[in-house]
>>> print(open('run.cif').read())   # mmCIF, C-alpha atoms
data_structure
loop_
_atom_site.group_PDB
_atom_site.id
_atom_site.type_symbol
_atom_site.label_atom_id
_atom_site.label_comp_id
_atom_site.auth_asym_id
_atom_site.auth_seq_id
_atom_site.Cartn_x
_atom_site.Cartn_y
_atom_site.Cartn_z
ATOM 1 C CA MET A 256 0.000 0.000 0.000
ATOM 2 C CA LEU A 257 1.057 3.564 -0.665
ATOM 3 C CA SER A 258 0.603 6.149 2.048
ATOM 4 C CA LYS A 259 -1.270 9.379 1.347
ATOM 5 C CA ASN A 260 2.049 11.213 1.606
ATOM 6 C CA GLN A 261 3.636 8.953 -1.048
ATOM 7 C CA ARG A 262 0.689 9.481 -3.392
ATOM 8 C CA ASN A 263 0.863 13.233 -2.932
ATOM 9 C CA GLN A 264 4.615 13.314 -3.589
ATOM 10 C CA ILE A 265 4.189 11.419 -6.872
ATOM 11 C CA LEU A 266 1.337 13.687 -7.994
ATOM 12 C CA GLN A 267 3.328 16.806 -7.091
ATOM 13 C CA LEU A 268 5.937 15.727 -9.656
ATOM 14 C CA LYS A 269 3.514 16.920 -12.337
ATOM 15 C CA LYS A 270 4.780 20.401 -11.472
ATOM 16 C CA LYS A 271 8.087 21.644 -12.868
ATOM 17 C CA LYS A 272 8.962 23.491 -9.660
ATOM 18 C CA TYR A 273 8.568 20.366 -7.574
ATOM 19 C CA ARG A 274 10.621 18.318 -10.037
ATOM 20 C CA GLN A 275 13.394 20.902 -9.854
ATOM 21 C CA ASP A 276 13.263 21.117 -6.069
ATOM 22 C CA SER A 277 13.235 17.360 -5.531
ATOM 23 C CA GLY A 278 15.431 16.339 -8.475
ATOM 24 C CA LEU A 279 12.896 13.653 -9.377
ATOM 25 C CA PHE A 280 10.518 12.904 -12.256
ATOM 26 C CA VAL A 281 7.882 10.313 -13.159
ATOM 27 C CA ALA A 282 8.028 7.883 -16.088
ATOM 28 C CA GLU A 283 5.062 5.744 -17.113
ATOM 29 C CA GLY A 284 4.785 2.855 -19.544
ATOM 30 C CA GLU A 285 6.698 -0.420 -19.857
ATOM 31 C CA LYS A 286 8.836 0.625 -22.846
ATOM 32 C CA VAL A 287 9.892 3.971 -21.347
ATOM 33 C CA VAL A 288 10.681 2.583 -17.898
ATOM 34 C CA GLU A 289 12.596 -0.360 -19.372
ATOM 35 C CA GLU A 290 14.771 2.058 -21.391
ATOM 36 C CA LEU A 291 15.532 4.185 -18.330
ATOM 37 C CA LEU A 292 16.341 1.140 -16.196
ATOM 38 C CA ALA A 293 18.570 -0.321 -18.928
ATOM 39 C CA ALA A 294 20.460 2.998 -19.046
ATOM 40 C CA SER A 295 21.069 2.669 -15.276
ATOM 41 C CA TRP A 296 19.168 5.831 -14.393
ATOM 42 C CA ASN A 297 18.604 5.874 -10.646
ATOM 43 C CA CYS A 298 15.110 4.533 -9.914
ATOM 44 C CA MET A 299 13.741 5.632 -6.545
ATOM 45 C CA ASP A 300 10.389 3.814 -6.736
ATOM 46 C CA LEU A 301 8.835 1.383 -9.191
ATOM 47 C CA PHE A 302 5.169 0.406 -9.115
ATOM 48 C CA VAL A 303 3.404 -2.179 -11.291
ATOM 49 C CA THR A 304 -0.052 -3.704 -11.544
ATOM 50 C CA THR A 305 1.238 -6.985 -13.002
ATOM 51 C CA PRO A 306 3.936 -9.249 -11.522
ATOM 52 C CA HIS A 307 7.401 -10.167 -12.840
ATOM 53 C CA PHE A 308 8.273 -6.816 -14.429
ATOM 54 C CA HIS A 309 11.427 -6.113 -12.443
ATOM 55 C CA PRO A 310 12.932 -7.313 -9.128
ATOM 56 C CA GLN A 311 12.682 -3.772 -7.706
ATOM 57 C CA ALA A 312 8.978 -3.414 -8.556
ATOM 58 C CA LYS A 313 6.269 -3.085 -5.917
ATOM 59 C CA GLU A 314 2.944 -4.544 -6.994
ATOM 60 C CA ILE A 315 -0.132 -2.371 -6.456
ATOM 61 C CA ASP A 316 -3.739 -2.674 -7.593
ATOM 62 C CA VAL A 317 -5.231 -0.788 -10.540
ATOM 63 C CA LYS A 318 -7.242 1.475 -8.221
ATOM 64 C CA THR A 319 -4.046 2.697 -6.542
ATOM 65 C CA MET A 320 -2.318 3.169 -9.910
ATOM 66 C CA LYS A 321 -5.230 5.367 -11.005
ATOM 67 C CA GLN A 322 -4.600 7.523 -7.940
ATOM 68 C CA ILE A 323 -0.942 8.205 -8.794
ATOM 69 C CA THR A 324 -0.869 8.273 -12.594
ATOM 70 C CA HIS A 325 -0.159 11.584 -14.347
ATOM 71 C CA PHE A 326 -2.483 10.579 -17.198
ATOM 72 C CA LYS A 327 -6.197 10.001 -17.732
ATOM 73 C CA SER A 328 -5.622 6.274 -18.204
ATOM 74 C CA PRO A 329 -2.948 4.550 -16.101
ATOM 75 C CA SER A 330 -0.186 2.373 -17.468
ATOM 76 C CA PRO A 331 0.663 -0.905 -15.728
ATOM 77 C CA VAL A 332 4.084 0.576 -14.857
ATOM 78 C CA LEU A 333 5.005 3.835 -13.097
ATOM 79 C CA ALA A 334 8.441 4.756 -11.820
ATOM 80 C CA VAL A 335 10.034 7.683 -10.020
ATOM 81 C CA PHE A 336 13.549 8.444 -11.251
ATOM 82 C CA GLU A 337 16.267 10.823 -10.198
ATOM 83 C CA ILE A 338 16.999 13.532 -12.768
ATOM 84 C CA PRO A 339 20.538 12.690 -13.947
ATOM 85 C CA ASN A 340 23.433 15.121 -14.065
ATOM 86 C CA ARG A 341 24.809 14.795 -17.582
ATOM 87 C CA ASP A 342 27.755 16.500 -19.179
ATOM 88 C CA SER A 343 27.482 18.034 -22.631
ATOM 89 C CA SER A 344 27.590 15.283 -25.226
ATOM 90 C CA GLY A 345 30.154 17.094 -27.367
ATOM 91 C CA GLU A 346 29.773 19.094 -30.538
ATOM 92 C CA GLN A 347 28.255 17.531 -33.642
ATOM 93 C CA ASN A 348 28.128 18.862 -37.203
ATOM 94 C CA ILE A 349 24.364 19.243 -37.085
ATOM 95 C CA SER A 350 22.783 20.897 -34.046
ATOM 96 C CA MET A 351 19.064 21.300 -33.507
ATOM 97 C CA ALA A 352 17.353 23.912 -31.349
ATOM 98 C CA VAL A 353 13.763 24.725 -30.450
ATOM 99 C CA ASP A 354 12.268 28.022 -29.327
ATOM 100 C CA GLY A 355 9.085 28.212 -27.277
ATOM 101 C CA VAL A 356 7.780 24.697 -27.950
ATOM 102 C CA SER A 357 5.092 24.300 -25.287
ATOM 103 C CA ASP A 358 3.369 21.075 -26.365
ATOM 104 C CA PRO A 359 4.832 18.078 -24.464
ATOM 105 C CA GLY A 360 3.942 15.622 -27.227
ATOM 106 C CA ASN A 361 5.816 17.689 -29.785
ATOM 107 C CA LEU A 362 8.921 17.939 -27.610
ATOM 108 C CA GLY A 363 8.866 14.196 -26.928
ATOM 109 C CA THR A 364 8.627 13.512 -30.665
ATOM 110 C CA LEU A 365 11.493 15.954 -31.340
ATOM 111 C CA ILE A 366 13.643 14.032 -28.866
ATOM 112 C CA ARG A 367 12.809 10.796 -30.720
ATOM 113 C CA LEU A 368 13.714 12.443 -34.033
ATOM 114 C CA CYS A 369 17.089 13.542 -32.668
ATOM 115 C CA ASP A 370 17.682 9.983 -31.495
ATOM 116 C CA TRP A 371 16.697 8.540 -34.883
ATOM 117 C CA PHE A 372 19.010 10.841 -36.809
ATOM 118 C CA GLY A 373 21.913 10.389 -34.404
ATOM 119 C CA LEU A 374 21.838 13.794 -32.703
ATOM 120 C CA ASN A 375 22.954 13.582 -29.096
ATOM 121 C CA GLU A 376 21.391 16.785 -27.852
ATOM 122 C CA LEU A 377 18.483 19.143 -28.357
ATOM 123 C CA ILE A 378 19.057 22.796 -27.443
ATOM 124 C CA CYS A 379 15.988 24.461 -25.930
ATOM 125 C CA SER A 380 14.934 27.969 -25.009
ATOM 126 C CA LYS A 381 13.821 28.544 -21.425
ATOM 127 C CA THR A 382 10.289 28.978 -22.781
ATOM 128 C CA THR A 383 10.251 25.389 -24.046
ATOM 129 C CA VAL A 384 8.419 22.775 -21.981
ATOM 130 C CA ASP A 385 10.518 20.836 -19.450
ATOM 131 C CA CYS A 386 11.851 17.589 -20.907
ATOM 132 C CA PHE A 387 11.094 15.808 -17.607
ATOM 133 C CA ASN A 388 7.411 16.630 -17.862
ATOM 134 C CA SER A 389 5.644 13.246 -17.692
ATOM 135 C CA LYS A 390 4.006 13.694 -21.098
ATOM 136 C CA VAL A 391 7.348 14.546 -22.708
ATOM 137 C CA VAL A 392 8.996 11.524 -21.088
ATOM 138 C CA GLN A 393 6.245 9.244 -22.379
ATOM 139 C CA ALA A 394 6.261 10.722 -25.887
ATOM 140 C CA SER A 395 10.048 10.356 -26.119
ATOM 141 C CA MET A 396 9.605 6.569 -25.761
ATOM 142 C CA GLY A 397 12.961 6.189 -24.026
ATOM 143 C CA SER A 398 14.977 8.351 -26.426
ATOM 144 C CA LEU A 399 15.559 10.729 -23.516
ATOM 145 C CA VAL A 400 18.381 8.441 -22.354
ATOM 146 C CA ARG A 401 20.335 9.120 -25.567
ATOM 147 C CA VAL A 402 19.367 12.749 -26.258
ATOM 148 C CA GLN A 403 20.249 15.448 -23.764
ATOM 149 C CA CYS A 404 18.053 18.543 -23.627
ATOM 150 C CA GLN A 405 20.038 21.676 -22.861
ATOM 151 C CA TYR A 406 18.040 24.717 -21.707
ATOM 152 C CA LYS A 407 19.525 28.152 -22.436
ATOM 153 C CA GLU A 408 18.469 31.511 -20.991
ATOM 154 C CA ASP A 409 19.613 33.342 -24.132
ATOM 155 C CA LEU A 410 19.210 30.817 -26.924
ATOM 156 C CA GLY A 411 20.289 33.170 -29.712
ATOM 157 C CA SER A 412 23.599 34.126 -28.087
ATOM 158 C CA TYR A 413 24.348 30.498 -27.297
ATOM 159 C CA LEU A 414 23.717 29.419 -30.897
ATOM 160 C CA GLU A 415 25.965 32.239 -32.131
ATOM 161 C CA ARG A 416 28.786 30.916 -29.964
ATOM 162 C CA LEU A 417 28.592 27.559 -31.739
ATOM 163 C CA GLN A 418 30.006 29.405 -34.770
ATOM 164 C CA LYS A 419 27.890 27.500 -37.271
ATOM 165 C CA PRO A 420 25.435 28.935 -39.800
ATOM 166 C CA ILE A 421 21.968 29.158 -38.243
ATOM 167 C CA TYR A 422 19.047 27.996 -40.407
ATOM 168 C CA GLY A 423 15.631 29.037 -39.117
ATOM 169 C CA ALA A 424 12.403 27.362 -40.193
ATOM 170 C CA ASP A 425 10.053 30.088 -41.443
ATOM 171 C CA LEU A 426 7.074 30.169 -43.818
ATOM 172 C CA GLY A 427 8.625 33.105 -45.687
ATOM 173 C CA GLY A 428 12.005 31.466 -46.187
ATOM 174 C CA VAL A 429 13.733 29.942 -49.198
ATOM 175 C CA SER A 430 12.536 26.464 -50.161
ATOM 176 C CA LEU A 431 14.143 23.642 -48.218
ATOM 177 C CA TYR A 432 14.756 21.875 -51.535
ATOM 178 C CA GLU A 433 16.668 24.841 -52.933
ATOM 179 C CA THR A 434 18.843 25.427 -49.861
ATOM 180 C CA ASP A 435 22.490 24.421 -49.830
ATOM 181 C CA PHE A 436 23.134 23.494 -46.210
ATOM 182 C CA SER A 437 26.639 23.794 -44.785
ATOM 183 C CA GLU A 438 28.401 20.647 -43.582
ATOM 184 C CA SER A 439 28.105 22.094 -40.080
ATOM 185 C CA ALA A 440 24.808 23.803 -39.327
ATOM 186 C CA THR A 441 22.359 24.689 -36.598
ATOM 187 C CA LEU A 442 18.651 24.162 -37.299
ATOM 188 C CA VAL A 443 16.214 26.134 -35.194
ATOM 189 C CA PHE A 444 12.435 25.728 -35.005
ATOM 190 C CA GLY A 445 9.786 27.821 -33.272
ATOM 191 C CA SER A 446 6.340 26.898 -32.042
ATOM 192 C CA GLU A 447 3.517 26.387 -34.516
ATOM 193 C CA SER A 448 1.576 29.257 -32.926
ATOM 194 C CA HIS A 449 4.255 31.928 -32.677
ATOM 195 C CA GLY A 450 7.222 30.849 -34.799
ATOM 196 C CA LEU A 451 10.677 32.078 -33.863
ATOM 197 C CA SER A 452 10.933 34.850 -31.299
ATOM 198 C CA LYS A 453 12.021 38.297 -32.483
ATOM 199 C CA THR A 454 15.353 38.188 -30.620
ATOM 200 C CA LEU A 455 16.192 34.804 -32.088
ATOM 201 C CA ARG A 456 15.221 35.824 -35.622
ATOM 202 C CA GLU A 457 17.950 38.470 -35.454
ATOM 203 C CA LYS A 458 20.542 35.692 -35.071
ATOM 204 C CA VAL A 459 19.335 33.560 -37.999
ATOM 205 C CA ASP A 460 21.578 33.509 -41.085
ATOM 206 C CA HIS A 461 19.179 31.733 -43.458
ATOM 207 C CA PHE A 462 15.390 31.383 -43.306
ATOM 208 C CA VAL A 463 14.140 28.150 -44.846
ATOM 209 C CA SER A 464 10.627 26.926 -45.569
ATOM 210 C CA ILE A 465 8.909 23.711 -46.570
ATOM 211 C CA PRO A 466 7.017 24.587 -49.767
ATOM 212 C CA ASN A 467 3.292 23.944 -49.917
ATOM 213 C CA PHE A 468 2.510 22.013 -53.102
ATOM 214 C CA ARG A 469 -1.259 22.449 -52.913
ATOM 215 C CA SER A 470 -2.655 25.234 -55.086
ATOM 216 C CA GLY A 471 -5.414 27.281 -53.495
ATOM 217 C CA ARG A 472 -6.468 26.994 -49.867
ATOM 218 C CA GLY A 473 -4.777 24.204 -47.925
ATOM 219 C CA ALA A 474 -3.183 23.530 -44.549
ATOM 220 C CA GLU A 475 -1.928 26.728 -42.924
ATOM 221 C CA SER A 476 1.157 25.156 -41.400
ATOM 222 C CA LEU A 477 2.847 21.986 -40.158
ATOM 223 C CA ASN A 478 3.512 21.367 -36.508
ATOM 224 C CA VAL A 479 7.088 21.626 -35.291
ATOM 225 C CA ALA A 480 7.652 17.873 -35.038
ATOM 226 C CA LEU A 481 6.547 17.245 -38.634
ATOM 227 C CA SER A 482 8.600 20.188 -39.913
ATOM 228 C CA SER A 483 11.699 18.998 -38.082
ATOM 229 C CA ALA A 484 11.323 15.484 -39.466
ATOM 230 C CA ILE A 485 11.143 16.818 -43.033
ATOM 231 C CA PHE A 486 14.169 19.077 -42.506
ATOM 232 C CA LEU A 487 16.297 16.339 -40.950
ATOM 233 C CA ASN A 488 15.349 13.806 -43.605
ATOM 234 C CA GLU A 489 16.326 16.191 -46.406
ATOM 235 C CA ILE A 490 19.606 17.211 -44.789
ATOM 236 C CA PHE A 491 20.719 13.648 -44.074
ATOM 237 C CA ARG A 492 19.533 12.477 -47.491
ATOM 238 C CA LEU A 493 21.942 14.945 -49.073
ATOM 239 C CA LYS A 494 24.877 13.936 -46.883
#
>>> encode(input="run.cif", output="structure tokens")
Amino acid sequence: MLSKNQRNQILQLKKKKYRQDSGLFVAEGEKVVEELLAASWNCMDLFVTTPHFHPQAKEIDVKTMKQITHFKSPSPVLAVFEIPNRDSSGEQNISMAVDGVSDPGNLGTLIRLCDWFGLNELICSKTTVDCFNSKVVQASMGSLVRVQCQYKEDLGSYLERLQKPIYGADLGGVSLYETDFSESATLVFGSESHGLSKTLREKVDHFVSIPNFRSGRGAESLNVALSSAIFLNEIFRLK
């Protein structure tokens, strides 16, 4: 059985402030938790509704899992992990950054994309959702163990210091398919609602767009995860 205090502590981890203060976060789902355990991330508590998942697991009933889940429908596995201290993964030719991405599902998918294309880090503005938000952790499907999210107070100045051409995704930019990307480059994407912030736009060297091939009225835009996937696929296809 979980005490009321234990339940409250797990539920409080929905809040960024409490995650930062405690240094803990919640992961739900068999696949995600298995990835984190396999990467030797420090697991403080592990709860399951079915037996034989892991020697450390504590079996609880579905009713109790519903009381501690961070989602509408509980998973059979919920774990509390320590937020790891990770050093910078080292510079790569292609860097990717996001500005003001507030949707947890989008950020989780972006982390998976970085993992798929071999990028070890994702550079984030302070206005981007916390990567240890439960919904981000779930959407990343374990890729969080291989992709480090770095949060920067002044994203534009940091990207300038990388000394690589900065390519910003923008509806008014040059076509992606007509852009000659440098061997080393930084790609930066804004939120679907607001695009790149004004201060960051001043740092961009090249604005690039994904052309819309439908004549007449069509979709107004693509979300940031879809746009990033198209950009990364084109860049790595040309390599």
>>> resolve_selection(input="run.cif", expression="the PyMOL selection byres ((chain A and resi 300) around 6)", output="list in words")
Cys298, Met299, Leu301, Ala334 and Val335 of chain A
>>> write_last_selection(input="run.cif", atoms="C-alpha atoms", output="CSV table (one decimal), in the frame of the given file")
chain,number,residue,atom,x,y,z
A,298,CYS,CA,15.1,4.5,-9.9
A,299,MET,CA,13.7,5.6,-6.5
A,301,LEU,CA,8.8,1.4,-9.2
A,334,ALA,CA,8.4,4.8,-11.8
A,335,VAL,CA,10.0,7.7,-10.0
>>> atom_distance(input="run.cif", atom1="CA of Phe308 in chain A", atom2="CA of Val392 in chain A")
19.5 Å
>>> resolve_selection(input="run.cif", expression="the PyMOL selection byres ((chain A and resi 439) around 12)", output="PyMOL selection string")
chain A and resi 346-351+417-422+435-438+440-442+490-491+494
>>> residues_around(input="run.cif", residues="Thr324 in chain A", least_positions_apart="6", cutoff="8 Å", atoms="only C-alpha atoms", output="mmCIF file with C-alpha atoms, in the coordinates of the input")
data_model
loop_
_atom_site.group_PDB
_atom_site.id
_atom_site.type_symbol
_atom_site.label_atom_id
_atom_site.label_comp_id
_atom_site.auth_asym_id
_atom_site.auth_seq_id
_atom_site.Cartn_x
_atom_site.Cartn_y
_atom_site.Cartn_z
ATOM 1 C CA LEU A 266 1.337 13.687 -7.994
ATOM 2 C CA GLU A 283 5.062 5.744 -17.113
ATOM 3 C CA SER A 330 -0.186 2.373 -17.468
ATOM 4 C CA LEU A 333 5.005 3.835 -13.097
#
>>> resolve_selection(input="run.cif", expression="the PyMOL selection byres ((chain A and resi 375) around 9)", output="MDAnalysis selection string")
chainID A and resid 344:347 350 369:370 373:374 376:377 401:404
>>> write_last_selection(input="run.cif", atoms="C-alpha atoms", output="mmCIF file, in the coordinates of the input")
data_model
loop_
_atom_site.group_PDB
_atom_site.id
_atom_site.type_symbol
_atom_site.label_atom_id
_atom_site.label_comp_id
_atom_site.auth_asym_id
_atom_site.auth_seq_id
_atom_site.Cartn_x
_atom_site.Cartn_y
_atom_site.Cartn_z
ATOM 1 C CA SER A 344 27.590 15.283 -25.226
ATOM 2 C CA GLY A 345 30.154 17.094 -27.367
ATOM 3 C CA GLU A 346 29.773 19.094 -30.538
ATOM 4 C CA GLN A 347 28.255 17.531 -33.642
ATOM 5 C CA SER A 350 22.783 20.897 -34.046
ATOM 6 C CA CYS A 369 17.089 13.542 -32.668
ATOM 7 C CA ASP A 370 17.682 9.983 -31.495
ATOM 8 C CA GLY A 373 21.913 10.389 -34.404
ATOM 9 C CA LEU A 374 21.838 13.794 -32.703
ATOM 10 C CA GLU A 376 21.391 16.785 -27.852
ATOM 11 C CA LEU A 377 18.483 19.143 -28.357
ATOM 12 C CA ARG A 401 20.335 9.120 -25.567
ATOM 13 C CA VAL A 402 19.367 12.749 -26.258
ATOM 14 C CA GLN A 403 20.249 15.448 -23.764
ATOM 15 C CA CYS A 404 18.053 18.543 -23.627
#
>>> atom_distance(input="run.cif", atom1="CA of Leu257 in chain A", atom2="CA of Glu314 in chain A")
10.5 Å
>>> closest_residue(input="run.cif", among="A:Glu447, A:Glu408, A:Glu285, A:Asp342", to="Ala480 in chain A", atoms="all atoms listed in the file")
A:Glu447
>>> residues_around(input="run.cif", residues="Ala282 in chain A", least_positions_apart="4", cutoff="9 Å", atoms="all atoms listed in the file", output="ChimeraX atom specification")
/A:287-288,291,332-336,387-390,392-393
>>> closest_residue(input="run.cif", among="A:Glu457, A:Val463, A:Ala312, A:Cys386", to="Lys271 in chain A", atoms="only C-alpha atoms")
A:Cys386
>>> axis_aligned_box(input="run.cif", around="range 318-332 of chain A", padding_each_side="3 Å", output="lines of an AutoDock Vina configuration file")
center_x = -1.6
center_y = 5.3
center_z = -12.4
size_x = 17.3
size_y = 18.5
size_z = 17.7
>>> atom_distance(input="run.cif", atom1="CA of Ser452 in chain A", atom2="CA of Asn467 in chain A")
22.9 Å
>>> residues_around(input="run.cif", residues="Leu477 in chain A", least_positions_apart="6", cutoff="12 Å", atoms="all atoms listed in the file", output="ChimeraX atom specification")
/A:361,424-426,444-448,450,464-467,483-486
>>> closest_residue(input="run.cif", among="A:Lys327, A:Ile378, A:Leu410, A:Val391", to="Val281 in chain A", atoms="all atoms listed in the file")
A:Val391
>>> decode(input="run.cif", residues="range 300-317 of chain A", atoms="N, CA, C and O atoms", output="PDB file, in the first residue's frame")
ATOM      1  N   ASP A 300      11.568   4.645  -7.008  1.00  0.00           N
ATOM      2  CA  ASP A 300      10.389   3.814  -6.736  1.00  0.00           C
ATOM      3  C   ASP A 300       9.873   3.256  -8.051  1.00  0.00           C
ATOM      4  O   ASP A 300       9.918   3.936  -9.079  1.00  0.00           O
ATOM      5  N   LEU A 301       9.367   2.035  -7.992  1.00  0.00           N
ATOM      6  CA  LEU A 301       8.835   1.383  -9.191  1.00  0.00           C
ATOM      7  C   LEU A 301       7.568   0.632  -8.807  1.00  0.00           C
ATOM      8  O   LEU A 301       7.595  -0.265  -7.962  1.00  0.00           O
ATOM      9  N   PHE A 302       6.458   1.006  -9.435  1.00  0.00           N
ATOM     10  CA  PHE A 302       5.169   0.406  -9.115  1.00  0.00           C
ATOM     11  C   PHE A 302       4.571  -0.260 -10.354  1.00  0.00           C
ATOM     12  O   PHE A 302       4.649   0.293 -11.461  1.00  0.00           O
ATOM     13  N   VAL A 303       3.997  -1.434 -10.176  1.00  0.00           N
ATOM     14  CA  VAL A 303       3.404  -2.179 -11.291  1.00  0.00           C
ATOM     15  C   VAL A 303       2.074  -2.780 -10.858  1.00  0.00           C
ATOM     16  O   VAL A 303       1.829  -3.003  -9.671  1.00  0.00           O
ATOM     17  N   THR A 304       1.216  -3.038 -11.842  1.00  0.00           N
ATOM     18  CA  THR A 304      -0.052  -3.704 -11.544  1.00  0.00           C
ATOM     19  C   THR A 304      -0.022  -5.173 -11.962  1.00  0.00           C
ATOM     20  O   THR A 304      -0.983  -5.900 -11.741  1.00  0.00           O
ATOM     21  N   THR A 305       1.072  -5.575 -12.606  1.00  0.00           N
ATOM     22  CA  THR A 305       1.238  -6.985 -13.002  1.00  0.00           C
ATOM     23  C   THR A 305       2.584  -7.478 -12.470  1.00  0.00           C
ATOM     24  O   THR A 305       3.547  -6.705 -12.403  1.00  0.00           O
ATOM     25  N   PRO A 306       2.698  -8.743 -12.119  1.00  0.00           N
ATOM     26  CA  PRO A 306       3.936  -9.249 -11.522  1.00  0.00           C
ATOM     27  C   PRO A 306       5.039  -9.486 -12.557  1.00  0.00           C
ATOM     28  O   PRO A 306       4.806  -9.435 -13.764  1.00  0.00           O
ATOM     29  N   HIS A 307       6.245  -9.716 -12.044  1.00  0.00           N
ATOM     30  CA  HIS A 307       7.401 -10.167 -12.840  1.00  0.00           C
ATOM     31  C   HIS A 307       7.954  -9.112 -13.803  1.00  0.00           C
ATOM     32  O   HIS A 307       8.614  -9.461 -14.774  1.00  0.00           O
ATOM     33  N   PHE A 308       7.707  -7.843 -13.548  1.00  0.00           N
ATOM     34  CA  PHE A 308       8.273  -6.816 -14.429  1.00  0.00           C
ATOM     35  C   PHE A 308       9.739  -6.577 -14.119  1.00  0.00           C
ATOM     36  O   PHE A 308      10.574  -6.509 -15.028  1.00  0.00           O
ATOM     37  N   HIS A 309      10.053  -6.434 -12.849  1.00  0.00           N
ATOM     38  CA  HIS A 309      11.427  -6.113 -12.443  1.00  0.00           C
ATOM     39  C   HIS A 309      11.570  -6.461 -10.960  1.00  0.00           C
ATOM     40  O   HIS A 309      10.616  -6.287 -10.184  1.00  0.00           O
ATOM     41  N   PRO A 310      12.759  -6.939 -10.540  1.00  0.00           N
ATOM     42  CA  PRO A 310      12.932  -7.313  -9.128  1.00  0.00           C
ATOM     43  C   PRO A 310      12.658  -6.170  -8.148  1.00  0.00           C
ATOM     44  O   PRO A 310      12.267  -6.401  -7.002  1.00  0.00           O
ATOM     45  N   GLN A 311      12.871  -4.931  -8.575  1.00  0.00           N
ATOM     46  CA  GLN A 311      12.682  -3.772  -7.706  1.00  0.00           C
ATOM     47  C   GLN A 311      11.220  -3.347  -7.590  1.00  0.00           C
ATOM     48  O   GLN A 311      10.860  -2.561  -6.721  1.00  0.00           O
ATOM     49  N   ALA A 312      10.356  -3.890  -8.457  1.00  0.00           N
ATOM     50  CA  ALA A 312       8.978  -3.414  -8.556  1.00  0.00           C
ATOM     51  C   ALA A 312       8.140  -3.782  -7.334  1.00  0.00           C
ATOM     52  O   ALA A 312       8.284  -4.858  -6.747  1.00  0.00           O
ATOM     53  N   LYS A 313       7.244  -2.854  -6.980  1.00  0.00           N
ATOM     54  CA  LYS A 313       6.269  -3.085  -5.917  1.00  0.00           C
ATOM     55  C   LYS A 313       4.908  -3.203  -6.574  1.00  0.00           C
ATOM     56  O   LYS A 313       4.479  -2.297  -7.295  1.00  0.00           O
ATOM     57  N   GLU A 314       4.236  -4.316  -6.339  1.00  0.00           N
ATOM     58  CA  GLU A 314       2.944  -4.544  -6.994  1.00  0.00           C
ATOM     59  C   GLU A 314       1.828  -3.817  -6.250  1.00  0.00           C
ATOM     60  O   GLU A 314       1.722  -3.908  -5.025  1.00  0.00           O
ATOM     61  N   ILE A 315       1.019  -3.072  -7.024  1.00  0.00           N
ATOM     62  CA  ILE A 315      -0.132  -2.371  -6.456  1.00  0.00           C
ATOM     63  C   ILE A 315      -1.360  -2.695  -7.312  1.00  0.00           C
ATOM     64  O   ILE A 315      -1.238  -3.214  -8.421  1.00  0.00           O
ATOM     65  N   ASP A 316      -2.526  -2.392  -6.807  1.00  0.00           N
ATOM     66  CA  ASP A 316      -3.739  -2.674  -7.593  1.00  0.00           C
ATOM     67  C   ASP A 316      -4.025  -1.518  -8.556  1.00  0.00           C
ATOM     68  O   ASP A 316      -3.442  -0.429  -8.452  1.00  0.00           O
ATOM     69  N   VAL A 317      -4.913  -1.777  -9.502  1.00  0.00           N
ATOM     70  CA  VAL A 317      -5.231  -0.788 -10.540  1.00  0.00           C
ATOM     71  C   VAL A 317      -5.834   0.470  -9.921  1.00  0.00           C
ATOM     72  O   VAL A 317      -5.557   1.595 -10.366  1.00  0.00           O
TER      73      VAL A 317
END
